[in-house]
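Asks: This is entry39.cif (mmCIF, C-alpha atoms).
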data_target
loop_
_atom_site.label_atom_id
_atom_site.label_comp_id
_atom_site.auth_asym_id
_atom_site.auth_seq_id
_atom_site.Cartn_x
_atom_site.Cartn_y
_atom_site.Cartn_z
CA ARG A 106 -5.16 2.52 -18.82
CA LYS A 107 -4.55 1.88 -15.14
CA GLU A 108 -3.52 4.84 -13.01
CA VAL A 109 -0.24 3.25 -11.98
CA GLU A 110 1.31 0.34 -13.87
CA GLN A 111 4.25 -1.87 -13.04
CA ASP A 112 5.75 -4.97 -14.60
CA PRO A 113 4.92 -7.68 -12.05
CA GLY A 114 8.11 -9.64 -12.85
CA PRO A 115 9.58 -11.58 -11.23
CA PHE A 116 12.99 -10.16 -11.93
CA ASN A 117 15.41 -12.95 -11.12
CA VAL A 118 19.00 -11.67 -10.73
CA PRO A 119 22.26 -12.93 -9.21
CA GLU A 120 23.85 -11.28 -6.22
CA GLY A 121 25.86 -8.25 -7.21
CA ALA A 122 23.77 -7.48 -10.28
CA THR A 123 22.24 -4.13 -11.11
CA VAL A 124 18.50 -4.16 -11.71
CA ALA A 125 16.03 -1.46 -12.63
CA PHE A 126 12.24 -1.22 -12.47
CA ASN A 127 9.94 1.28 -14.09
CA CYS A 128 6.51 2.46 -13.11
CA THR A 129 4.22 4.47 -15.39
CA TYR A 130 1.41 6.72 -14.25
CA SER A 131 -1.52 8.13 -16.17
CA ASN A 132 -2.36 11.33 -14.28
CA SER A 133 -0.13 14.11 -15.57
CA ALA A 134 -1.10 16.22 -12.53
CA SER A 135 0.54 13.75 -10.16
CA GLN A 136 2.77 15.54 -7.71
CA SER A 137 4.48 13.08 -5.41
CA PHE A 138 6.11 9.75 -6.09
CA PHE A 139 7.46 7.02 -3.86
CA TRP A 140 8.77 3.50 -3.72
CA TYR A 141 7.60 1.13 -1.02
CA ARG A 142 9.03 -2.29 -0.29
CA GLN A 143 6.90 -5.26 0.75
CA ASP A 144 8.47 -8.46 2.01
CA CYS A 145 6.58 -11.72 1.64
CA ARG A 146 3.55 -11.81 3.95
CA LYS A 147 4.55 -8.49 5.53
CA GLU A 148 3.22 -4.96 5.35
CA PRO A 149 4.57 -2.37 2.89
CA LYS A 150 7.23 0.03 4.17
CA LEU A 151 8.49 3.25 2.62
CA LEU A 152 11.76 2.72 0.78
CA MET A 153 12.33 6.18 -0.62
CA SER A 154 10.70 9.25 -2.06
CA VAL A 155 11.34 10.22 -5.68
CA TYR A 156 12.42 13.79 -6.30
CA SER A 157 12.28 15.66 -9.59
CA SER A 158 16.05 15.88 -9.82
CA GLY A 159 16.52 12.22 -8.96
CA ASN A 160 17.86 10.98 -5.67
CA GLU A 161 20.09 8.31 -4.29
CA ASP A 162 20.13 6.38 -1.03
CA GLY A 163 23.08 4.04 -0.81
CA ARG A 164 22.66 1.39 -3.49
CA PHE A 165 19.23 2.69 -4.49
CA THR A 166 18.60 5.42 -7.06
CA ALA A 167 15.18 6.79 -7.92
CA GLN A 168 14.37 8.97 -10.90
CA LEU A 169 11.34 10.78 -12.26
CA ASN A 170 10.59 11.46 -15.91
CA ARG A 171 7.59 13.79 -16.02
CA ALA A 172 7.57 14.10 -19.80
CA SER A 173 7.13 10.35 -20.24
CA GLN A 174 5.25 9.95 -16.97
CA TYR A 175 7.29 7.27 -15.33
CA ILE A 176 9.48 6.75 -12.32
CA SER A 177 12.30 4.29 -11.96
CA LEU A 178 14.18 2.48 -9.22
CA LEU A 179 17.72 1.26 -9.76
CA ILE A 180 19.35 -1.16 -7.35
CA ARG A 181 23.10 -1.64 -7.61
CA ASP A 182 25.12 -4.52 -6.15
CA SER A 183 21.97 -6.53 -5.35
CA LYS A 184 21.89 -8.41 -2.06
CA LEU A 185 19.88 -11.49 -1.15
CA SER A 186 18.04 -9.30 1.33
CA ASP A 187 16.78 -7.08 -1.50
CA SER A 188 14.39 -9.86 -2.52
CA ALA A 189 10.93 -8.36 -2.09
CA THR A 190 8.10 -6.73 -3.99
CA TYR A 191 8.63 -3.07 -4.86
CA LEU A 192 5.49 -0.93 -4.97
CA CYS A 193 5.28 2.30 -6.86
CA VAL A 194 3.10 4.97 -5.21
CA VAL A 195 1.78 8.10 -6.88
CA LYS A 196 -0.08 10.96 -5.25
CA GLY A 197 -1.87 13.78 -7.07
CA GLY A 198 -4.00 16.51 -5.59
CA SER A 199 -6.13 13.91 -3.86
CA TYR A 200 -5.18 12.76 -0.39
CA ILE A 201 -5.44 9.15 -1.45
CA PRO A 202 -2.17 7.78 -2.84
CA THR A 203 -2.41 5.19 -5.60
CA PHE A 204 -0.34 2.03 -5.32
CA GLY A 205 0.90 -0.02 -8.23
CA ARG A 206 0.59 -3.79 -8.08
CA GLY A 207 4.28 -4.16 -7.45
CA THR A 208 7.34 -5.68 -9.09
CA SER A 209 8.75 -8.85 -7.61
CA LEU A 210 12.53 -9.10 -7.26
CA ILE A 211 14.33 -12.34 -6.49
CA VAL A 212 18.06 -12.14 -5.85
CA HIS A 213 19.78 -15.53 -5.91
CA PRO A 214 23.27 -16.61 -4.81
CA GLY B 271 7.34 3.95 19.79
CA ALA B 272 4.40 1.74 18.99
CA GLY B 273 3.48 1.32 15.38
CA VAL B 274 0.12 0.58 13.82
CA SER B 275 -1.48 -2.50 15.30
CA GLN B 276 -4.27 -4.64 13.92
CA SER B 277 -6.35 -7.43 15.36
CA PRO B 278 -6.95 -10.22 14.90
CA SER B 279 -3.91 -11.23 12.88
CA ASN B 280 -5.87 -14.09 11.34
CA LYS B 281 -9.58 -14.66 11.03
CA VAL B 282 -11.31 -17.70 9.58
CA THR B 283 -15.05 -17.43 9.20
CA GLU B 284 -17.89 -19.13 7.43
CA LYS B 285 -19.67 -17.64 4.46
CA GLY B 286 -22.54 -15.45 5.59
CA LYS B 287 -21.07 -14.49 8.97
CA ASP B 288 -20.16 -10.94 9.96
CA VAL B 289 -16.59 -10.01 10.91
CA GLU B 290 -14.99 -7.01 12.61
CA LEU B 291 -11.40 -6.00 12.04
CA ARG B 292 -9.68 -3.53 14.32
CA CYS B 293 -6.93 -0.98 13.70
CA ASP B 294 -5.02 1.08 16.27
CA PRO B 295 -3.15 3.86 14.46
CA ILE B 296 -0.02 5.61 15.62
CA SER B 297 -0.82 8.17 18.27
CA GLY B 298 -1.17 11.64 16.75
CA HIS B 299 -1.82 10.42 13.22
CA THR B 300 -4.99 12.04 11.95
CA ALA B 301 -5.23 10.12 8.67
CA LEU B 302 -6.25 6.47 8.60
CA TYR B 303 -6.63 4.25 5.54
CA TRP B 304 -8.00 0.76 5.00
CA TYR B 305 -6.74 -1.32 2.08
CA ARG B 306 -7.36 -4.84 0.87
CA GLN B 307 -4.71 -7.01 -0.74
CA SER B 308 -5.59 -10.28 -2.41
CA LEU B 309 -2.95 -12.91 -3.17
CA GLY B 310 -0.54 -11.58 -5.76
CA GLN B 311 -2.48 -8.37 -6.18
CA GLY B 312 -1.82 -4.74 -5.37
CA LEU B 313 -3.35 -2.67 -2.62
CA GLU B 314 -7.00 -1.89 -3.18
CA PHE B 315 -8.10 1.30 -1.41
CA LEU B 316 -11.24 0.88 0.69
CA ILE B 317 -11.83 3.90 2.93
CA TYR B 318 -10.05 6.97 4.30
CA PHE B 319 -10.58 8.88 7.55
CA GLN B 320 -9.15 12.32 8.26
CA GLY B 321 -9.70 13.72 11.73
CA ASN B 322 -13.36 14.42 12.34
CA SER B 323 -14.21 14.90 8.67
CA ALA B 324 -16.65 12.64 6.86
CA PRO B 325 -14.77 9.58 5.60
CA ASP B 326 -14.06 8.93 1.95
CA LYS B 327 -15.86 5.65 1.30
CA SER B 328 -15.32 5.62 -2.44
CA GLY B 329 -13.32 2.39 -2.39
CA LEU B 330 -15.76 0.20 -0.50
CA PRO B 331 -16.73 -2.64 -2.87
CA SER B 332 -20.29 -3.12 -1.63
CA ASP B 333 -22.72 -2.05 1.06
CA ARG B 334 -21.69 -5.09 3.08
CA PHE B 335 -18.55 -3.16 4.00
CA SER B 336 -18.56 -0.36 6.54
CA ALA B 337 -16.05 1.29 8.83
CA GLU B 338 -16.01 3.55 11.84
CA ARG B 339 -13.37 5.56 13.58
CA THR B 340 -14.17 6.42 17.14
CA GLY B 341 -12.67 9.48 18.79
CA GLY B 342 -10.36 10.01 15.87
CA SER B 343 -8.28 7.02 16.90
CA VAL B 344 -9.24 3.35 16.74
CA SER B 345 -11.01 2.16 13.61
CA THR B 346 -13.16 -0.89 12.97
CA LEU B 347 -13.87 -2.35 9.54
CA THR B 348 -17.01 -4.47 9.44
CA ILE B 349 -17.89 -6.94 6.71
CA GLN B 350 -21.42 -8.27 6.84
CA ARG B 351 -22.57 -11.53 5.31
CA THR B 352 -19.05 -12.44 4.24
CA GLN B 353 -18.46 -14.04 0.85
CA GLN B 354 -15.55 -16.18 -0.31
CA GLU B 355 -14.31 -13.36 -2.53
CA ASP B 356 -13.81 -11.26 0.63
CA SER B 357 -10.85 -13.47 1.53
CA ALA B 358 -7.77 -11.24 1.53
CA VAL B 359 -5.34 -9.43 3.78
CA TYR B 360 -6.87 -6.25 5.17
CA LEU B 361 -4.24 -3.61 5.84
CA CYS B 362 -4.63 -0.45 7.85
CA ALA B 363 -2.28 2.52 7.52
CA SER B 364 -2.01 5.81 9.36
CA SER B 365 -0.20 9.03 8.63
CA LEU B 366 -0.11 12.70 9.43
CA ASP B 367 -2.58 14.88 7.50
CA ASN B 368 -2.36 14.08 3.79
CA ARG B 369 -4.84 16.67 2.59
CA MET B 370 -2.06 18.99 1.64
CA SER B 371 -0.26 18.57 -1.63
CA SER B 372 2.72 17.05 0.11
CA TYR B 373 2.77 13.47 1.24
CA ASN B 374 3.24 12.13 4.72
CA GLU B 375 4.54 8.60 4.94
CA GLN B 376 1.92 5.95 5.48
CA PHE B 377 2.76 3.47 8.21
CA PHE B 378 1.09 0.13 7.76
CA GLY B 379 -0.06 -2.35 10.31
CA PRO B 380 0.74 -6.06 9.92
CA GLY B 381 -2.70 -6.76 8.49
CA THR B 382 -5.53 -9.15 9.21
CA ARG B 383 -5.62 -12.26 7.03
CA LEU B 384 -9.28 -13.06 6.45
CA THR B 385 -10.33 -16.45 5.13
CA VAL B 386 -13.97 -17.04 4.30
CA LEU B 387 -14.83 -20.72 3.94
#
Output the file's structure in the form of structure tokens.
Replies:
Amino acid sequence: RKEVEQDPGPFNVPEGATVAFNCTYSNSASQSFFWYRQDCRKEPKLLMSVYSSGNEDGRFTAQLNRASQYISLLIRDSKLSDSATYLCVVKGGSYIPTFGRGTSLIVHP
Amino acid sequence: GAGVSQSPSNKVTEKGKDVELRCDPISGHTALYWYRQSLGQGLEFLIYFQGNSAPDKSGLPSDRFSAERTGGSVSTLTIQRTQQEDSAVYLCASSLDNRMSSYNEQFFGPGTRLTVL
């Protein structure tokens, strides 16, 4: 089993839709969780951290389920500009974070 | 302020040649990472530098790959005797110290797109 797994997609949704991605991780000792966003042919950029109690940033909501070892990202009222690849990042006791392969989102008019 | 910069942005080379890729991290960032990303793939960790400590080279795919970080700042990734499978985007990231259990955001450079013919 890979350390961090994501459905590569693509998720193809209309503007205004709500879409959710999951990311599973194998190391139960993982401590920190994040979502990065990567636009086509660009570098990844931090989207948001994922806190144990769940957290929200505008249209984006991130949640952590430690029992089932997954994190999720929910995007409400999708915009065309949300089209990108969303990378799940997990960090345990090591100083080297592990990146998932990413989930591709395409928002169409 | 200035972000992470990488040079060159694109590099085309012939199989068997050596290449050097450069990364200038954000000033004050003690942690520096190199990753490789092939088309449609995730980020593959290559090497990690933290201050003056010995680097973590556990991700380097072969002994043709090496990296240095001079003065705790600029880093150079060298690939000797390049092969076609080395073609990828090489990304550098820097952050504050990540040895603690918390996480400091990694800031990525724009990458170097390497094509080996």
Asks: Under the rule of at most 12 Å, produce a per-residue listing of chain B near chain A: chain, number, name, the closest pair of atoms, and the distance in Å, as CSV, using all atoms listed in the file.
Replies:
residue,atom,partner,partner_atom,distance
B:Gly273,CA,A:Glu148,CA,11.8
B:Val274,CA,A:Glu148,CA,10.6
B:Ser275,CA,A:Glu148,CA,11.3
B:Gln276,CA,A:Glu148,CA,11.4
B:Ser279,CA,A:Lys147,CA,11.5
B:Ala301,CA,A:Tyr200,CA,9.4
B:Leu302,CA,A:Ile201,CA,10.4
B:Tyr303,CA,A:Ile201,CA,8.6
B:Trp304,CA,A:Ile201,CA,10.9
B:Tyr305,CA,A:Phe204,CA,10.3
B:Arg306,CA,A:Glu148,CA,11.5
B:Gln307,CA,A:Arg206,CA,9.6
B:Ser308,CA,A:Arg206,CA,10.6
B:Leu309,CA,A:Arg146,CA,9.7
B:Gly310,CA,A:Arg206,CA,8.2
B:Gln311,CA,A:Arg206,CA,5.8
B:Gly312,CA,A:Arg206,CA,3.7
B:Leu313,CA,A:Phe204,CA,6.2
B:Glu314,CA,A:Phe204,CA,8.0
B:Phe315,CA,A:Thr203,CA,8.1
B:Leu316,CA,A:Ile201,CA,10.3
B:Ile317,CA,A:Ile201,CA,9.4
B:Tyr318,CA,A:Ile201,CA,7.7
B:Phe319,CA,A:Tyr200,CA,10.4
B:Gln320,CA,A:Tyr200,CA,9.5
B:Pro325,CA,A:Ile201,CA,11.7
B:Asp326,CA,A:Ile201,CA,9.3
B:Lys327,CA,A:Ile201,CA,11.3
B:Ser328,CA,A:Ile201,CA,10.5
B:Gly329,CA,A:Ile201,CA,10.4
B:Ala358,CA,A:Arg146,CA,11.6
B:Val359,CA,A:Arg146,CA,9.2
B:Tyr360,CA,A:Glu148,CA,10.2
B:Leu361,CA,A:Glu148,CA,7.6
B:Cys362,CA,A:Glu148,CA,9.4
B:Ala363,CA,A:Glu148,CA,9.5
B:Ser364,CA,A:Ile201,CA,11.8
B:Ser365,CA,A:Tyr200,CA,11.0
B:Leu366,CA,A:Tyr200,CA,11.1
B:Asp367,CA,A:Tyr200,CA,8.6
B:Asn368,CA,A:Tyr200,CA,5.2
B:Arg369,CA,A:Tyr200,CA,4.9
B:Met370,CA,A:Tyr200,CA,7.3
B:Ser371,CA,A:Gly198,CA,5.8
B:Ser372,CA,A:Ser137,CA,7.0
B:Tyr373,CA,A:Ser137,CA,6.9
B:Asn374,CA,A:Tyr200,CA,9.9
B:Glu375,CA,A:Leu151,CA,7.0
B:Gln376,CA,A:Leu151,CA,7.7
B:Phe377,CA,A:Lys150,CA,6.9
B:Phe378,CA,A:Glu148,CA,6.0
B:Gly379,CA,A:Glu148,CA,6.5
B:Pro380,CA,A:Glu148,CA,5.3
B:Gly381,CA,A:Glu148,CA,6.9
B:Thr382,CA,A:Glu148,CA,10.4
B:Arg383,CA,A:Arg146,CA,9.7
Asks: Can I get the selected residues back with C-alpha atoms, as a PDB file, keeping the file's coordinate frame?
Replies:
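Resulting contents of again29.pdb:
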ATOM      1  CA  GLY B 273       3.480   1.320  15.380  1.00  0.00           C
ATOM      2  CA  VAL B 274       0.120   0.580  13.820  1.00  0.00           C
ATOM      3  CA  SER B 275      -1.480  -2.500  15.300  1.00  0.00           C
ATOM      4  CA  GLN B 276      -4.270  -4.640  13.920  1.00  0.00           C
ATOM      5  CA  SER B 279      -3.910 -11.230  12.880  1.00  0.00           C
ATOM      6  CA  ALA B 301      -5.230  10.120   8.670  1.00  0.00           C
ATOM      7  CA  LEU B 302      -6.250   6.470   8.600  1.00  0.00           C
ATOM      8  CA  TYR B 303      -6.630   4.250   5.540  1.00  0.00           C
ATOM      9  CA  TRP B 304      -8.000   0.760   5.000  1.00  0.00           C
ATOM     10  CA  TYR B 305      -6.740  -1.320   2.080  1.00  0.00           C
ATOM     11  CA  ARG B 306      -7.360  -4.840   0.870  1.00  0.00           C
ATOM     12  CA  GLN B 307      -4.710  -7.010  -0.740  1.00  0.00           C
ATOM     13  CA  SER B 308      -5.590 -10.280  -2.410  1.00  0.00           C
ATOM     14  CA  LEU B 309      -2.950 -12.910  -3.170  1.00  0.00           C
ATOM     15  CA  GLY B 310      -0.540 -11.580  -5.760  1.00  0.00           C
ATOM     16  CA  GLN B 311      -2.480  -8.370  -6.180  1.00  0.00           C
ATOM     17  CA  GLY B 312      -1.820  -4.740  -5.370  1.00  0.00           C
ATOM     18  CA  LEU B 313      -3.350  -2.670  -2.620  1.00  0.00           C
ATOM     19  CA  GLU B 314      -7.000  -1.890  -3.180  1.00  0.00           C
ATOM     20  CA  PHE B 315      -8.100   1.300  -1.410  1.00  0.00           C
ATOM     21  CA  LEU B 316     -11.240   0.880   0.690  1.00  0.00           C
ATOM     22  CA  ILE B 317     -11.830   3.900   2.930  1.00  0.00           C
ATOM     23  CA  TYR B 318     -10.050   6.970   4.300  1.00  0.00           C
ATOM     24  CA  PHE B 319     -10.580   8.880   7.550  1.00  0.00           C
ATOM     25  CA  GLN B 320      -9.150  12.320   8.260  1.00  0.00           C
ATOM     26  CA  PRO B 325     -14.770   9.580   5.600  1.00  0.00           C
ATOM     27  CA  ASP B 326     -14.060   8.930   1.950  1.00  0.00           C
ATOM     28  CA  LYS B 327     -15.860   5.650   1.300  1.00  0.00           C
ATOM     29  CA  SER B 328     -15.320   5.620  -2.440  1.00  0.00           C
ATOM     30  CA  GLY B 329     -13.320   2.390  -2.390  1.00  0.00           C
ATOM     31  CA  ALA B 358      -7.770 -11.240   1.530  1.00  0.00           C
ATOM     32  CA  VAL B 359      -5.340  -9.430   3.780  1.00  0.00           C
ATOM     33  CA  TYR B 360      -6.870  -6.250   5.170  1.00  0.00           C
ATOM     34  CA  LEU B 361      -4.240  -3.610   5.840  1.00  0.00           C
ATOM     35  CA  CYS B 362      -4.630  -0.450   7.850  1.00  0.00           C
ATOM     36  CA  ALA B 363      -2.280   2.520   7.520  1.00  0.00           C
ATOM     37  CA  SER B 364      -2.010   5.810   9.360  1.00  0.00           C
ATOM     38  CA  SER B 365      -0.200   9.030   8.630  1.00  0.00           C
ATOM     39  CA  LEU B 366      -0.110  12.700   9.430  1.00  0.00           C
ATOM     40  CA  ASP B 367      -2.580  14.880   7.500  1.00  0.00           C
ATOM     41  CA  ASN B 368      -2.360  14.080   3.790  1.00  0.00           C
ATOM     42  CA  ARG B 369      -4.840  16.670   2.590  1.00  0.00           C
ATOM     43  CA  MET B 370      -2.060  18.990   1.640  1.00  0.00           C
ATOM     44  CA  SER B 371      -0.260  18.570  -1.630  1.00  0.00           C
ATOM     45  CA  SER B 372       2.720  17.050   0.110  1.00  0.00           C
ATOM     46  CA  TYR B 373       2.770  13.470   1.240  1.00  0.00           C
ATOM     47  CA  ASN B 374       3.240  12.130   4.720  1.00  0.00           C
ATOM     48  CA  GLU B 375       4.540   8.600   4.940  1.00  0.00           C
ATOM     49  CA  GLN B 376       1.920   5.950   5.480  1.00  0.00           C
ATOM     50  CA  PHE B 377       2.760   3.470   8.210  1.00  0.00           C
ATOM     51  CA  PHE B 378       1.090   0.130   7.760  1.00  0.00           C
ATOM     52  CA  GLY B 379      -0.060  -2.350  10.310  1.00  0.00           C
ATOM     53  CA  PRO B 380       0.740  -6.060   9.920  1.00  0.00           C
ATOM     54  CA  GLY B 381      -2.700  -6.760   8.490  1.00  0.00           C
ATOM     55  CA  THR B 382      -5.530  -9.150   9.210  1.00  0.00           C
ATOM     56  CA  ARG B 383      -5.620 -12.260   7.030  1.00  0.00           C
TER      57      ARG B 383
END
Asks: Identify, on the basis of only C-alpha atoms, every residue whose closest approach to stretch 339-356 of chain B does not exceed 6 Å; exclude the query and any residue fewer than 3 positions from it along the same chain; express the result as a list in words.
Replies: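 My reading of the contact set: Lys285, Gly286, Lys287, Asp288, Val289, Glu290, Leu291, Arg292, Cys293, Asp294, Gly321, Arg334, Phe335, Ser336 and Val386 of chain B.
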Asks: May I have the protein, DNA and RNA residues with any atom at most 9 Å from the point (9.7, -10.6, 1.2), counting all atoms listed in the file, written as a VMD selection string?
Replies: chain A and resid 142 to 147 186 to 190
Asks: Include C-alpha atoms and write out the residues we just selected as a PDB file, in the coordinates of the input.
Replies:
ATOM      1  CA  ARG A 142       9.030  -2.290  -0.290  1.00  0.00           C
ATOM      2  CA  GLN A 143       6.900  -5.260   0.750  1.00  0.00           C
ATOM      3  CA  ASP A 144       8.470  -8.460   2.010  1.00  0.00           C
ATOM      4  CA  CYS A 145       6.580 -11.720   1.640  1.00  0.00           C
ATOM      5  CA  ARG A 146       3.550 -11.810   3.950  1.00  0.00           C
ATOM      6  CA  LYS A 147       4.550  -8.490   5.530  1.00  0.00           C
ATOM      7  CA  SER A 186      18.040  -9.300   1.330  1.00  0.00           C
ATOM      8  CA  ASP A 187      16.780  -7.080  -1.500  1.00  0.00           C
ATOM      9  CA  SER A 188      14.390  -9.860  -2.520  1.00  0.00           C
ATOM     10  CA  ALA A 189      10.930  -8.360  -2.090  1.00  0.00           C
ATOM     11  CA  THR A 190       8.100  -6.730  -3.990  1.00  0.00           C
TER      12      THR A 190
END
Asks: Determine, counting all atoms listed in the file, every residue of protein, DNA or RNA that lies within 9 Å of (14.1, 1.0, -5.2) in the file coordinates, then give the result as a list in words.
Replies: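 Here is the list of nearby residues: Ala125, Phe126, Trp140, Tyr141, Arg142, Leu152, Met153, Arg164, Phe165, Thr166, Ala167, Ser177, Leu178, Leu179, Ile180, Tyr191 and Leu192 of chain A.
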Asks: Near stretch 106-110 of chain A, counting all atoms listed in the file, which residues have an atom at most 6 Å away, once you skip same-chain residues fewer than 4 positions from it, shown as a ChimeraX atom specification?
Replies: /A:128-131,205
Asks: So what do you get for atom CA of A:Asn170 versus atom CA of A:Lys184, distance-wise?
Replies: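 Computing the Euclidean distance for atom CA of A:Asn170 and atom CA of A:Lys184 yields 26.7 Å.
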Asks: At what distance in Å, to one decimal, does atom CA of A:Val124 lie from atom CA of A:Gly159?
Replies: 16.7 Å
Asks: Please indicate the distance in Å from atom CA of A:Tyr156 to atom CA of A:Asn117, rounded to one decimal place.
Replies: 27.3 Å
Asks: Using only C-alpha atoms, which of the listed residues (B:Leu387, B:Ala272, B:Val282, B:Ala337) sits closest to B:Pro295?
Replies: B:Ala272
Asks: Stretch 281-298 of chain B, all listed atoms, 5 Å padding on each side: what axis-aligned box centre and edge lengths in Å to one decimal come out, as AutoDock Vina command-line options?
Replies:
--center_x -11.3 --center_y -3.7 --center_z 11.4 --size_x 32.5 --size_y 40.8 --size_z 23.8
